[in-house]
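Asker: Structure in structure tokens, see below.
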Amino acid sequence: MKQIKTLNKANLKESAAKGGCGECQASCQSACKTSCTVANQKCENADR
Amino acid sequence: MIHKYSLNGFNIVLDTNSGAVHLFDEVPFAMLDYLQDDVPDQAPQDMLDALCRKYDRKTVEEAYDELKELYRLGQLFSPDEYEKFAGMMKDAPLKSMCLNVAHDCNLRCEYCFAAKGDFGRGRMLMPFEVGKKAIDFLIEKSEGRHNLEVDFFGGEPLMNFEVVKQIVAYARGIEKEHNKNFRFTITTNGILLTDDKIDYINKEMSNCVLSIDGRKSVNDLLRVRADGSGSYDTIVPKFQKLVASRGDKDYYARGTFTKHNLDFTEDVLHMAELGFEQISIEPVVSDEKLDYSIKEEDLPRVFEEYERLSKVIIERKKAGKDFHFFHFMIDLNQGPCAVKRLRGCSCGNEYIAVTPEGDIFPCHQFVGDDSFKMGNVLDGTFDEAIKHTFALANIYSKPECKNCWAKFYCSGGCNANNQQYEGDIHKAHKISCELEKKRLECSIMIQAALAEA
């Protein structure tokens, strides 16, 4: 493509199919705790 | 659904439902104004007429072909296929616990959400027996989960550090027989840090959050002792020592910005100058009537500052002097799965907070609101109905989230903020949403800038 550069291809759909194991760190969406928020979380499922 | 925006010279298009991110040239970017939910085979005539007046036809036709290709690949206007997963969501095992080991604090920070340490419930330290029962409770309720987290929180957890150590030793002593792996974290204001405590924290805590607001003048305005004196001079050398001996383990120098320091980029840079490489600074969330609160009228200024900080981070990264700013960290490729993104923290369901008395709340932010008390670890009571309510809270149960482009990144926001400021865990807290969306825009722009570098 000449006029569009893709920074990141689609992967959410694929992650839904193999996801949901629940072993990842709990995220915290509040402003008071910086343990983890969702967007920068690591996935702990090696099979994904 | 897509989200398109221009920032720092980039035309960025996020395809919400696939997670694809694209950088568009001017012509295809302009075309998106004429498209709703798909890219028809036949280009809309009004679009062609308008764009061909401004650009040459070949460029316009080529751009439209590229849009069609993205659409065919499922990377533009892709359908939302996740609601069915939300419908399947149910109660999950517990996996994470916030232990409020001290409802007491040696600081009196003006903006403290915990009523300056005691959550409005009286100053109290958690006895070991309560901590022990809490660990037993977590093990019992986490069937099927291997990784368990315990966060030592307060108040100020160092005011009850011997109990922290006892709880860690107890959990470590029984984790193998239950096939569990405990990860401990701690949040501290630093006042009581000593060399021994630093060594212990660096050995046992997989993450630690160090509370500091940045510049001395900013920190000491609100992070004060009971006598009004500032904390900066005491905590900075201690935090520096902790970080210097922490190795590769995670930590965050974590600040709060208020209306008093809307130029918070300076505070982030100050923390970087102090030697902290993992930095977080978050907007205060509080009653709008308080003078330090971020109000809707402040948002344009805050957005401007986030943009400024983004540019600084790009420059520093390119110069090899980078640091991690927590709220701009985003993993576009290998982040959490879509299922996780549907309900985020899962407080009250997978995550709970326990008070010094052993009372259980959906999370640390709910502590003190007895209408959300879920039970007590001493007698083993646990209100499954409240748990169920939280288990069902997800981006499709929250009307404002369902149609928001940012839903898979914020996961419906903070249920406690929603409850406290909007009166319903399903009703999005508006200012938090606006801030989150701006941070996401900046985060993606930084990725774009660094990809081009």
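Identifiers in the structure tokens: chain A, B, ... in order shown; residue index from 1 per chain; ligand index from 1 in order shown.
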Please return as an mmCIF file with all heavy atoms, in the first residue's frame: the residues of stretch 390-419 of chain B that backbone DSSP assigns to alpha helix (DSSP H).
Answerer:
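The result, written out as selection.cif:
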data_model
loop_
_atom_site.group_PDB
_atom_site.id
_atom_site.type_symbol
_atom_site.label_atom_id
_atom_site.label_comp_id
_atom_site.auth_asym_id
_atom_site.auth_seq_id
_atom_site.Cartn_x
_atom_site.Cartn_y
_atom_site.Cartn_z
ATOM 1 N N PHE B 390 -20.813 -7.830 40.138
ATOM 2 C CA PHE B 390 -19.562 -7.342 39.557
ATOM 3 C C PHE B 390 -19.083 -8.228 38.402
ATOM 4 O O PHE B 390 -18.490 -7.739 37.442
ATOM 5 C CB PHE B 390 -18.487 -7.216 40.642
ATOM 6 C CG PHE B 390 -18.627 -5.965 41.455
ATOM 7 C CD1 PHE B 390 -19.365 -5.950 42.626
ATOM 8 C CD2 PHE B 390 -18.054 -4.768 41.025
ATOM 9 C CE1 PHE B 390 -19.526 -4.785 43.364
ATOM 10 C CE2 PHE B 390 -18.205 -3.598 41.758
ATOM 11 C CZ PHE B 390 -18.939 -3.608 42.934
ATOM 12 N N ALA B 391 -19.351 -9.531 38.503
ATOM 13 C CA ALA B 391 -18.932 -10.443 37.431
ATOM 14 C C ALA B 391 -19.599 -10.070 36.106
ATOM 15 O O ALA B 391 -19.035 -10.274 35.033
ATOM 16 C CB ALA B 391 -19.275 -11.880 37.811
ATOM 17 N N PRO B 399 -23.718 1.257 29.075
ATOM 18 C CA PRO B 399 -24.212 1.857 27.826
ATOM 19 C C PRO B 399 -23.214 2.793 27.143
ATOM 20 O O PRO B 399 -23.049 2.739 25.926
ATOM 21 C CB PRO B 399 -25.455 2.630 28.279
ATOM 22 C CG PRO B 399 -25.880 1.968 29.538
ATOM 23 C CD PRO B 399 -24.636 1.450 30.190
ATOM 24 N N GLU B 400 -22.520 3.627 27.925
ATOM 25 C CA GLU B 400 -21.595 4.569 27.287
ATOM 26 C C GLU B 400 -20.376 3.849 26.701
ATOM 27 O O GLU B 400 -19.735 4.356 25.790
ATOM 28 C CB GLU B 400 -21.102 5.629 28.275
ATOM 29 C CG GLU B 400 -22.154 6.651 28.652
ATOM 30 C CD GLU B 400 -22.582 6.495 30.098
ATOM 31 O OE1 GLU B 400 -22.583 5.351 30.601
ATOM 32 O OE2 GLU B 400 -22.950 7.508 30.714
ATOM 33 N N CYS B 401 -20.045 2.705 27.276
ATOM 34 C CA CYS B 401 -18.850 1.978 26.820
ATOM 35 C C CYS B 401 -19.119 1.185 25.547
ATOM 36 O O CYS B 401 -18.257 1.066 24.682
ATOM 37 C CB CYS B 401 -18.357 1.025 27.899
ATOM 38 S SG CYS B 401 -17.980 1.857 29.452
ATOM 39 N N LYS B 402 -20.292 0.656 25.471
ATOM 40 C CA LYS B 402 -20.631 -0.253 24.382
ATOM 41 C C LYS B 402 -20.283 0.334 23.008
ATOM 42 O O LYS B 402 -19.802 -0.376 22.128
ATOM 43 C CB LYS B 402 -22.131 -0.565 24.466
ATOM 44 C CG LYS B 402 -22.580 -1.669 23.565
ATOM 45 C CD LYS B 402 -24.030 -2.014 23.860
ATOM 46 C CE LYS B 402 -24.508 -3.072 22.883
ATOM 47 N NZ LYS B 402 -25.842 -3.548 23.203
ATOM 48 N N LYS B 407 -13.122 1.177 24.139
ATOM 49 C CA LYS B 407 -13.606 0.178 25.102
ATOM 50 C C LYS B 407 -12.647 -0.979 25.345
ATOM 51 O O LYS B 407 -12.578 -1.502 26.459
ATOM 52 C CB LYS B 407 -14.975 -0.352 24.682
ATOM 53 C CG LYS B 407 -14.998 -1.074 23.344
ATOM 54 C CD LYS B 407 -16.445 -1.406 22.979
ATOM 55 C CE LYS B 407 -16.513 -2.014 21.599
ATOM 56 N NZ LYS B 407 -17.890 -2.171 21.130
ATOM 57 N N PHE B 408 -11.897 -1.388 24.321
ATOM 58 C CA PHE B 408 -11.006 -2.542 24.533
ATOM 59 C C PHE B 408 -9.684 -2.150 25.196
ATOM 60 O O PHE B 408 -8.838 -3.005 25.454
ATOM 61 C CB PHE B 408 -10.736 -3.263 23.212
ATOM 62 C CG PHE B 408 -11.955 -3.937 22.657
ATOM 63 C CD1 PHE B 408 -12.465 -3.569 21.424
ATOM 64 C CD2 PHE B 408 -12.613 -4.912 23.390
ATOM 65 C CE1 PHE B 408 -13.607 -4.175 20.920
ATOM 66 C CE2 PHE B 408 -13.753 -5.532 22.900
ATOM 67 C CZ PHE B 408 -14.257 -5.151 21.654
ATOM 68 N N TYR B 409 -9.507 -0.864 25.476
ATOM 69 C CA TYR B 409 -8.272 -0.403 26.118
ATOM 70 C C TYR B 409 -8.532 0.047 27.553
ATOM 71 O O TYR B 409 -7.657 -0.060 28.402
ATOM 72 C CB TYR B 409 -7.633 0.721 25.291
ATOM 73 C CG TYR B 409 -7.296 0.229 23.913
ATOM 74 C CD1 TYR B 409 -8.213 0.313 22.880
ATOM 75 C CD2 TYR B 409 -6.079 -0.398 23.675
ATOM 76 C CE1 TYR B 409 -7.926 -0.198 21.623
ATOM 77 C CE2 TYR B 409 -5.785 -0.911 22.427
ATOM 78 C CZ TYR B 409 -6.714 -0.807 21.399
ATOM 79 O OH TYR B 409 -6.430 -1.331 20.174
ATOM 80 N N CYS B 410 -9.706 0.575 27.817
ATOM 81 C CA CYS B 410 -9.983 0.994 29.192
ATOM 82 C C CYS B 410 -10.859 -0.036 29.902
ATOM 83 O O CYS B 410 -10.949 -0.031 31.127
ATOM 84 C CB CYS B 410 -10.615 2.374 29.232
ATOM 85 S SG CYS B 410 -12.380 2.368 29.358
ATOM 86 N N ASN B 415 -14.917 0.807 38.202
ATOM 87 C CA ASN B 415 -16.277 0.641 38.748
ATOM 88 C C ASN B 415 -16.498 1.508 39.987
ATOM 89 O O ASN B 415 -17.592 2.016 40.215
ATOM 90 C CB ASN B 415 -16.516 -0.822 39.106
ATOM 91 C CG ASN B 415 -16.637 -1.696 37.872
ATOM 92 O OD1 ASN B 415 -17.128 -1.254 36.835
ATOM 93 N ND2 ASN B 415 -16.177 -2.923 37.968
ATOM 94 N N ALA B 416 -15.452 1.664 40.792
ATOM 95 C CA ALA B 416 -15.585 2.450 42.028
ATOM 96 C C ALA B 416 -15.783 3.932 41.704
ATOM 97 O O ALA B 416 -16.621 4.609 42.319
ATOM 98 C CB ALA B 416 -14.360 2.252 42.907
ATOM 99 N N ASN B 417 -15.022 4.433 40.741
ATOM 100 C CA ASN B 417 -15.220 5.831 40.330
ATOM 101 C C ASN B 417 -16.623 6.009 39.749
ATOM 102 O O ASN B 417 -17.294 7.017 40.001
ATOM 103 C CB ASN B 417 -14.186 6.255 39.274
ATOM 104 C CG ASN B 417 -12.796 6.459 39.853
ATOM 105 O OD1 ASN B 417 -11.823 6.511 39.124
ATOM 106 N ND2 ASN B 417 -12.698 6.564 41.173
ATOM 107 N N ASN B 418 -17.040 5.034 38.953
ATOM 108 C CA ASN B 418 -18.391 5.102 38.374
ATOM 109 C C ASN B 418 -19.445 5.185 39.488
ATOM 110 O O ASN B 418 -20.369 5.993 39.432
ATOM 111 C CB ASN B 418 -18.681 3.867 37.513
ATOM 112 C CG ASN B 418 -17.820 3.805 36.258
ATOM 113 O OD1 ASN B 418 -17.092 4.740 35.951
ATOM 114 N ND2 ASN B 418 -17.899 2.700 35.547
ATOM 115 N N GLN B 419 -19.268 4.353 40.491
ATOM 116 C CA GLN B 419 -20.224 4.315 41.601
ATOM 117 C C GLN B 419 -20.193 5.613 42.397
ATOM 118 O O GLN B 419 -21.213 6.215 42.704
ATOM 119 C CB GLN B 419 -19.897 3.128 42.523
ATOM 120 C CG GLN B 419 -20.779 3.015 43.751
ATOM 121 C CD GLN B 419 -22.221 2.699 43.406
ATOM 122 O OE1 GLN B 419 -22.500 1.976 42.456
ATOM 123 N NE2 GLN B 419 -23.152 3.257 44.174
#
Asker: Counting only C-alpha atoms, which residues from chain B have an atom at most 7 Å from any atom of chain A, and could you show them as a PyMOL selection string?
Answerer: chain B and resi 18-25+63+66+75+96+145-147+282-283+285+329-341+344-345+409-410+413-414+448
Asker: Selected residues, N, CA, C and O atoms, written as a compact mmCIF listing (two decimals), in the first residue's frame, please.
Answerer:
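Dumped everything to result_17.txt:
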# COMPACT_ATOMS: atom_id res chain seq x y z
N SER B 18 -11.06 -4.89 15.58
CA SER B 18 -9.97 -5.80 15.25
C SER B 18 -8.71 -5.44 16.04
O SER B 18 -7.84 -6.27 16.24
N GLY B 19 -8.62 -4.18 16.46
CA GLY B 19 -7.41 -3.71 17.14
C GLY B 19 -6.35 -3.23 16.17
O GLY B 19 -5.26 -2.84 16.57
N ALA B 20 -6.65 -3.24 14.86
CA ALA B 20 -5.67 -2.79 13.87
C ALA B 20 -5.47 -1.28 13.97
O ALA B 20 -6.41 -0.53 14.25
N VAL B 21 -4.22 -0.85 13.75
CA VAL B 21 -3.89 0.57 13.78
C VAL B 21 -3.18 0.94 12.48
O VAL B 21 -2.23 0.25 12.08
N HIS B 22 -3.65 1.99 11.84
CA HIS B 22 -3.07 2.40 10.56
C HIS B 22 -2.69 3.88 10.58
O HIS B 22 -3.31 4.68 11.27
N LEU B 23 -1.68 4.19 9.76
CA LEU B 23 -1.31 5.59 9.53
C LEU B 23 -1.73 5.93 8.10
O LEU B 23 -1.31 5.26 7.16
N PHE B 24 -2.57 6.93 7.98
CA PHE B 24 -3.16 7.27 6.69
C PHE B 24 -2.52 8.53 6.11
O PHE B 24 -2.27 9.49 6.85
N ASP B 25 -2.34 8.50 4.79
CA ASP B 25 -2.03 9.75 4.10
C ASP B 25 -3.31 10.59 4.04
O ASP B 25 -4.40 10.11 4.35
N ALA B 63 -6.30 5.43 -3.46
CA ALA B 63 -6.59 5.48 -2.02
C ALA B 63 -7.83 4.65 -1.70
O ALA B 63 -7.87 3.91 -0.72
N GLU B 66 -7.14 1.03 -1.65
CA GLU B 66 -6.44 0.62 -0.41
C GLU B 66 -7.44 0.47 0.74
O GLU B 66 -7.34 -0.45 1.56
N GLN B 75 -9.65 -5.23 8.67
CA GLN B 75 -8.85 -4.28 9.47
C GLN B 75 -9.41 -2.86 9.42
O GLN B 75 -8.76 -1.91 9.82
N SER B 96 -6.82 -12.21 43.10
CA SER B 96 -6.04 -11.05 43.51
C SER B 96 -6.67 -10.39 44.73
O SER B 96 -7.90 -10.29 44.82
N ARG B 145 -6.93 -21.39 39.64
CA ARG B 145 -5.94 -20.35 39.32
C ARG B 145 -4.62 -20.68 39.99
O ARG B 145 -4.60 -21.08 41.16
N HIS B 146 -3.55 -20.49 39.27
CA HIS B 146 -2.21 -20.77 39.81
C HIS B 146 -1.56 -19.48 40.34
O HIS B 146 -1.07 -19.43 41.46
N ASN B 147 -1.59 -18.44 39.55
CA ASN B 147 -0.93 -17.18 39.94
C ASN B 147 -1.87 -16.35 40.81
O ASN B 147 -2.96 -15.98 40.39
N GLU B 282 -0.72 10.34 37.74
CA GLU B 282 -2.13 10.18 37.40
C GLU B 282 -2.94 11.38 37.86
O GLU B 282 -2.61 12.01 38.85
N PRO B 283 -4.01 11.66 37.17
CA PRO B 283 -4.86 12.78 37.59
C PRO B 283 -5.58 12.45 38.89
O PRO B 283 -6.02 11.33 39.10
N VAL B 285 -8.59 12.10 41.22
CA VAL B 285 -10.02 11.91 40.97
C VAL B 285 -10.72 12.22 42.28
O VAL B 285 -10.50 11.55 43.28
N MET B 329 2.20 3.44 28.03
CA MET B 329 2.68 2.12 27.63
C MET B 329 1.51 1.33 27.07
O MET B 329 0.49 1.16 27.74
N ILE B 330 1.67 0.87 25.86
CA ILE B 330 0.58 0.11 25.25
C ILE B 330 1.22 -0.95 24.37
O ILE B 330 2.18 -0.67 23.65
N ASP B 331 0.73 -2.15 24.49
CA ASP B 331 1.25 -3.23 23.67
C ASP B 331 0.21 -3.53 22.61
O ASP B 331 -0.82 -4.15 22.89
N LEU B 332 0.46 -3.05 21.39
CA LEU B 332 -0.55 -3.20 20.35
C LEU B 332 -0.62 -4.64 19.82
O LEU B 332 -1.60 -5.04 19.22
N ASN B 333 0.44 -5.40 20.03
CA ASN B 333 0.48 -6.75 19.46
C ASN B 333 0.14 -7.86 20.44
O ASN B 333 -0.63 -8.74 20.14
N GLN B 334 0.77 -7.83 21.60
CA GLN B 334 0.66 -8.97 22.51
C GLN B 334 0.04 -8.60 23.85
O GLN B 334 0.42 -9.13 24.88
N GLY B 335 -0.85 -7.67 23.82
CA GLY B 335 -1.50 -7.25 25.06
C GLY B 335 -2.50 -8.31 25.53
O GLY B 335 -2.53 -9.43 25.02
N PRO B 336 -3.30 -7.96 26.50
CA PRO B 336 -4.25 -8.93 27.03
C PRO B 336 -5.28 -9.37 25.98
O PRO B 336 -5.58 -8.62 25.05
N CYS B 337 -5.81 -10.55 26.16
CA CYS B 337 -6.79 -11.09 25.21
C CYS B 337 -8.09 -10.29 25.28
O CYS B 337 -8.38 -9.61 26.26
N ALA B 338 -8.90 -10.46 24.24
CA ALA B 338 -10.17 -9.72 24.17
C ALA B 338 -11.07 -10.05 25.35
O ALA B 338 -11.80 -9.19 25.84
N VAL B 339 -11.02 -11.29 25.81
CA VAL B 339 -11.89 -11.69 26.93
C VAL B 339 -11.55 -10.87 28.18
O VAL B 339 -12.42 -10.35 28.87
N LYS B 340 -10.25 -10.74 28.44
CA LYS B 340 -9.80 -9.95 29.59
C LYS B 340 -10.25 -8.49 29.44
O LYS B 340 -10.64 -7.83 30.41
N ARG B 341 -10.21 -8.00 28.20
CA ARG B 341 -10.52 -6.60 27.96
C ARG B 341 -12.00 -6.28 28.19
O ARG B 341 -12.37 -5.13 28.31
N GLY B 344 -11.97 -5.86 32.39
CA GLY B 344 -10.87 -5.16 33.05
C GLY B 344 -10.51 -5.73 34.40
O GLY B 344 -10.22 -6.91 34.55
N CYS B 345 -10.57 -4.88 35.42
CA CYS B 345 -10.04 -5.26 36.73
C CYS B 345 -10.81 -6.42 37.37
O CYS B 345 -10.27 -7.14 38.18
N TYR B 409 -9.51 -0.86 25.48
CA TYR B 409 -8.27 -0.40 26.12
C TYR B 409 -8.53 0.05 27.55
O TYR B 409 -7.66 -0.06 28.40
N CYS B 410 -9.71 0.57 27.82
CA CYS B 410 -9.98 0.99 29.19
C CYS B 410 -10.86 -0.04 29.90
O CYS B 410 -10.95 -0.03 31.13
N GLY B 413 -13.52 1.25 32.42
CA GLY B 413 -13.11 2.18 33.47
C GLY B 413 -13.20 1.59 34.86
O GLY B 413 -13.29 0.37 35.05
N CYS B 414 -13.14 2.48 35.83
CA CYS B 414 -13.09 2.08 37.24
C CYS B 414 -14.52 2.00 37.80
O CYS B 414 -15.22 3.02 37.87
N ALA B 448 3.52 5.27 16.72
CA ALA B 448 3.65 5.65 15.30
C ALA B 448 4.96 6.40 15.08
O ALA B 448 5.71 6.11 14.13
Asker: If we count only C-alpha atoms and set the cut-off at 9 Å, which residues sit around B:Leu210, ignoring sequence neighbours fewer than 6 positions away in its own chain? Please answer as a VMD selection string.
Answerer: chain B and resid 186 to 190 239 251 to 255
Asker: Determine, counting only C-alpha atoms, which protein, DNA and RNA residues have an atom within 10 Å of an atom of B:Gly117; residues of the same chain fewer than 6 positions away are not included. Present the result as a PyMOL selection string.
Answerer: chain B and resi 102-109+123-124+154-156
Asker: Could you turn the residues from that selection into a file that holds N, CA, C and O atoms, as a short mmCIF file (atom, residue, chain, number, x, y, z; two decimals), in the first residue's frame?
Answerer:
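Resulting contents of result-v7.cif:
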data_model
loop_
_atom_site.label_atom_id
_atom_site.label_comp_id
_atom_site.auth_asym_id
_atom_site.auth_seq_id
_atom_site.Cartn_x
_atom_site.Cartn_y
_atom_site.Cartn_z
N ALA B 102 -2.72 -1.52 56.98
CA ALA B 102 -2.75 -0.39 57.92
C ALA B 102 -3.81 0.62 57.51
O ALA B 102 -3.73 1.20 56.43
N HIS B 103 -4.82 0.77 58.33
CA HIS B 103 -5.73 1.90 58.13
C HIS B 103 -5.20 3.04 58.98
O HIS B 103 -5.84 3.50 59.93
N ASP B 104 -4.01 3.41 58.68
CA ASP B 104 -3.35 4.51 59.38
C ASP B 104 -2.25 5.00 58.44
O ASP B 104 -1.78 4.25 57.58
N CYS B 105 -1.86 6.23 58.62
CA CYS B 105 -0.83 6.77 57.74
C CYS B 105 -0.04 7.84 58.48
O CYS B 105 -0.57 8.51 59.37
N ASN B 106 1.25 7.96 58.10
CA ASN B 106 2.08 9.00 58.70
C ASN B 106 2.13 10.25 57.83
O ASN B 106 2.87 11.18 58.11
N LEU B 107 1.35 10.27 56.77
CA LEU B 107 1.18 11.50 55.99
C LEU B 107 -0.30 11.87 56.00
O LEU B 107 -1.16 11.04 56.34
N ARG B 108 -0.56 13.10 55.63
CA ARG B 108 -1.95 13.59 55.58
C ARG B 108 -2.17 14.24 54.22
O ARG B 108 -2.54 15.42 54.14
N CYS B 109 -1.92 13.47 53.16
CA CYS B 109 -2.03 14.02 51.81
C CYS B 109 -3.45 14.55 51.58
O CYS B 109 -4.43 13.84 51.83
N ARG B 123 -8.41 4.60 62.95
CA ARG B 123 -7.04 4.15 62.66
C ARG B 123 -6.83 2.77 63.26
O ARG B 123 -7.14 2.52 64.41
N MET B 124 -6.30 1.85 62.45
CA MET B 124 -6.16 0.47 62.90
C MET B 124 -5.13 -0.26 62.06
O MET B 124 -4.99 0.00 60.86
N GLY B 154 -2.64 0.46 52.04
CA GLY B 154 -3.11 1.11 53.25
C GLY B 154 -4.03 2.25 52.90
O GLY B 154 -4.69 2.21 51.86
N GLY B 155 -3.91 3.37 53.66
CA GLY B 155 -2.91 3.68 54.65
C GLY B 155 -1.48 3.44 54.17
O GLY B 155 -1.22 3.31 52.99
N GLU B 156 -0.63 3.36 55.13
CA GLU B 156 0.78 3.15 54.84
C GLU B 156 1.20 1.78 55.36
O GLU B 156 1.32 1.58 56.59
#
Asker: Take atom CA of B:Pro300 and atom CA of B:Ser286 and report the distance between them in Å, one decimal.
Answerer: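 Separation between atom CA of B:Pro300 and atom CA of B:Ser286: 18.4 Å.
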Asker: Would you please work out which residue, of B:Lys437, B:Asp287, B:Asn207, B:Lys216, is nearest to B:Asp248 when using only C-alpha atoms?
Answerer: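 Ranking B:Lys437, B:Asp287, B:Asn207, B:Lys216 by distance to B:Asp248, first place goes to B:Asn207.
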Asker: For a test of reading the model, state the distance in Å between atom CA of B:Glu436 and atom CA of B:Asn403, rounded to one decimal.
Answerer: 15.4 Å
Asker: Go ahead and compute the interatomic distance for atom CA of B:Asp322 and atom CA of B:Leu14, in Å to one decimal.
Answerer: 25.7 Å
Asker: Neighbours of stretch 304-317 of chain B within 8 Å (only C-alpha atoms; same-chain residues fewer than 6 positions away dropped), as an mmCIF file with all heavy atoms, in the first residue's frame?
Answerer:
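Done, and the output landed in around_1.cif:
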data_model
loop_
_atom_site.group_PDB
_atom_site.id
_atom_site.type_symbol
_atom_site.label_atom_id
_atom_site.label_comp_id
_atom_site.auth_asym_id
_atom_site.auth_seq_id
_atom_site.Cartn_x
_atom_site.Cartn_y
_atom_site.Cartn_z
ATOM 1 N N LEU B 262 -0.752 21.513 36.572
ATOM 2 C CA LEU B 262 -1.192 21.087 35.243
ATOM 3 C C LEU B 262 -0.010 21.040 34.264
ATOM 4 O O LEU B 262 -0.143 20.524 33.160
ATOM 5 C CB LEU B 262 -2.311 22.012 34.737
ATOM 6 C CG LEU B 262 -3.620 21.931 35.543
ATOM 7 C CD1 LEU B 262 -4.647 22.941 35.030
ATOM 8 C CD2 LEU B 262 -4.222 20.532 35.533
ATOM 9 N N ASP B 263 1.135 21.561 34.694
ATOM 10 C CA ASP B 263 2.366 21.421 33.892
ATOM 11 C C ASP B 263 3.131 20.174 34.347
ATOM 12 O O ASP B 263 4.346 20.184 34.509
ATOM 13 C CB ASP B 263 3.245 22.673 34.033
ATOM 14 C CG ASP B 263 3.684 22.909 35.474
ATOM 15 O OD1 ASP B 263 3.066 22.329 36.405
ATOM 16 O OD2 ASP B 263 4.655 23.668 35.686
ATOM 17 N N PHE B 264 2.411 19.082 34.520
ATOM 18 C CA PHE B 264 2.985 17.884 35.149
ATOM 19 C C PHE B 264 4.095 17.234 34.350
ATOM 20 O O PHE B 264 4.795 16.371 34.876
ATOM 21 C CB PHE B 264 1.879 16.876 35.484
ATOM 22 C CG PHE B 264 1.027 16.483 34.307
ATOM 23 C CD1 PHE B 264 1.431 15.485 33.438
ATOM 24 C CD2 PHE B 264 -0.178 17.124 34.066
ATOM 25 C CE1 PHE B 264 0.648 15.134 32.348
ATOM 26 C CE2 PHE B 264 -0.970 16.782 32.969
ATOM 27 C CZ PHE B 264 -0.558 15.790 32.109
ATOM 28 N N THR B 265 4.288 17.623 33.106
ATOM 29 C CA THR B 265 5.455 17.118 32.360
ATOM 30 C C THR B 265 6.725 17.436 33.147
ATOM 31 O O THR B 265 7.668 16.638 33.185
ATOM 32 C CB THR B 265 5.524 17.768 30.961
ATOM 33 O OG1 THR B 265 4.357 17.386 30.245
ATOM 34 C CG2 THR B 265 6.754 17.312 30.184
ATOM 35 N N PHE B 323 12.586 6.899 29.411
ATOM 36 C CA PHE B 323 12.048 6.322 30.641
ATOM 37 C C PHE B 323 10.661 5.796 30.277
ATOM 38 O O PHE B 323 10.130 6.113 29.215
ATOM 39 C CB PHE B 323 11.970 7.363 31.760
ATOM 40 C CG PHE B 323 11.220 8.606 31.379
ATOM 41 C CD1 PHE B 323 9.841 8.658 31.465
ATOM 42 C CD2 PHE B 323 11.900 9.735 30.919
ATOM 43 C CE1 PHE B 323 9.146 9.801 31.090
ATOM 44 C CE2 PHE B 323 11.204 10.886 30.550
ATOM 45 C CZ PHE B 323 9.828 10.915 30.643
ATOM 46 N N LYS B 438 -7.662 10.446 25.823
ATOM 47 C CA LYS B 438 -6.535 11.277 25.380
ATOM 48 C C LYS B 438 -5.214 10.531 25.546
ATOM 49 O O LYS B 438 -4.328 10.575 24.687
ATOM 50 C CB LYS B 438 -6.501 12.583 26.178
ATOM 51 C CG LYS B 438 -5.459 13.563 25.702
ATOM 52 C CD LYS B 438 -5.760 14.027 24.284
ATOM 53 C CE LYS B 438 -4.625 14.838 23.704
ATOM 54 N NZ LYS B 438 -4.936 15.304 22.335
ATOM 55 N N ARG B 439 -5.061 9.839 26.674
ATOM 56 C CA ARG B 439 -3.822 9.074 26.895
ATOM 57 C C ARG B 439 -3.652 7.989 25.835
ATOM 58 O O ARG B 439 -2.549 7.759 25.342
ATOM 59 C CB ARG B 439 -3.825 8.455 28.299
ATOM 60 C CG ARG B 439 -3.616 9.459 29.414
ATOM 61 C CD ARG B 439 -3.299 8.760 30.721
ATOM 62 N NE ARG B 439 -4.415 7.965 31.195
ATOM 63 C CZ ARG B 439 -5.259 8.354 32.155
ATOM 64 N NH1 ARG B 439 -5.100 9.518 32.753
ATOM 65 N NH2 ARG B 439 -6.249 7.575 32.529
ATOM 66 N N CYS B 442 -2.463 9.518 22.634
ATOM 67 C CA CYS B 442 -1.038 9.845 22.739
ATOM 68 C C CYS B 442 -0.182 8.573 22.670
ATOM 69 O O CYS B 442 0.851 8.549 21.997
ATOM 70 C CB CYS B 442 -0.750 10.598 24.041
ATOM 71 S SG CYS B 442 -1.407 12.275 24.062
ATOM 72 N N SER B 443 -0.612 7.534 23.349
ATOM 73 C CA SER B 443 0.155 6.282 23.379
ATOM 74 C C SER B 443 0.349 5.731 21.967
ATOM 75 O O SER B 443 1.440 5.301 21.593
ATOM 76 C CB SER B 443 -0.574 5.194 24.165
ATOM 77 O OG SER B 443 -1.048 5.664 25.360
ATOM 78 N N ILE B 446 2.702 7.852 19.897
ATOM 79 C CA ILE B 446 4.114 7.609 20.235
ATOM 80 C C ILE B 446 4.606 6.351 19.492
ATOM 81 O O ILE B 446 5.701 6.343 18.928
ATOM 82 C CB ILE B 446 4.284 7.452 21.761
ATOM 83 C CG1 ILE B 446 4.026 8.798 22.447
ATOM 84 C CG2 ILE B 446 5.672 6.923 22.118
ATOM 85 C CD1 ILE B 446 3.947 8.731 23.968
ATOM 86 N N ALA B 449 5.248 7.339 15.956
ATOM 87 C CA ALA B 449 6.469 8.148 15.801
ATOM 88 C C ALA B 449 7.718 7.278 15.932
ATOM 89 O O ALA B 449 8.695 7.453 15.195
ATOM 90 C CB ALA B 449 6.482 9.260 16.849
ATOM 91 N N LEU B 450 7.691 6.349 16.846
ATOM 92 C CA LEU B 450 8.870 5.509 17.051
ATOM 93 C C LEU B 450 9.025 4.481 15.923
ATOM 94 O O LEU B 450 10.135 4.093 15.579
ATOM 95 C CB LEU B 450 8.809 4.821 18.420
ATOM 96 C CG LEU B 450 8.859 5.804 19.598
ATOM 97 C CD1 LEU B 450 8.733 5.059 20.928
ATOM 98 C CD2 LEU B 450 10.134 6.644 19.594
#
Asker: Choose the residue, out of B:His364, B:Arg172, B:His429, B:Lys241, that has the smallest atom-to-atom separation from B:Glu296; count only C-alpha atoms.
Answerer: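 Distance minimum relative to B:Glu296 lands on B:His429.
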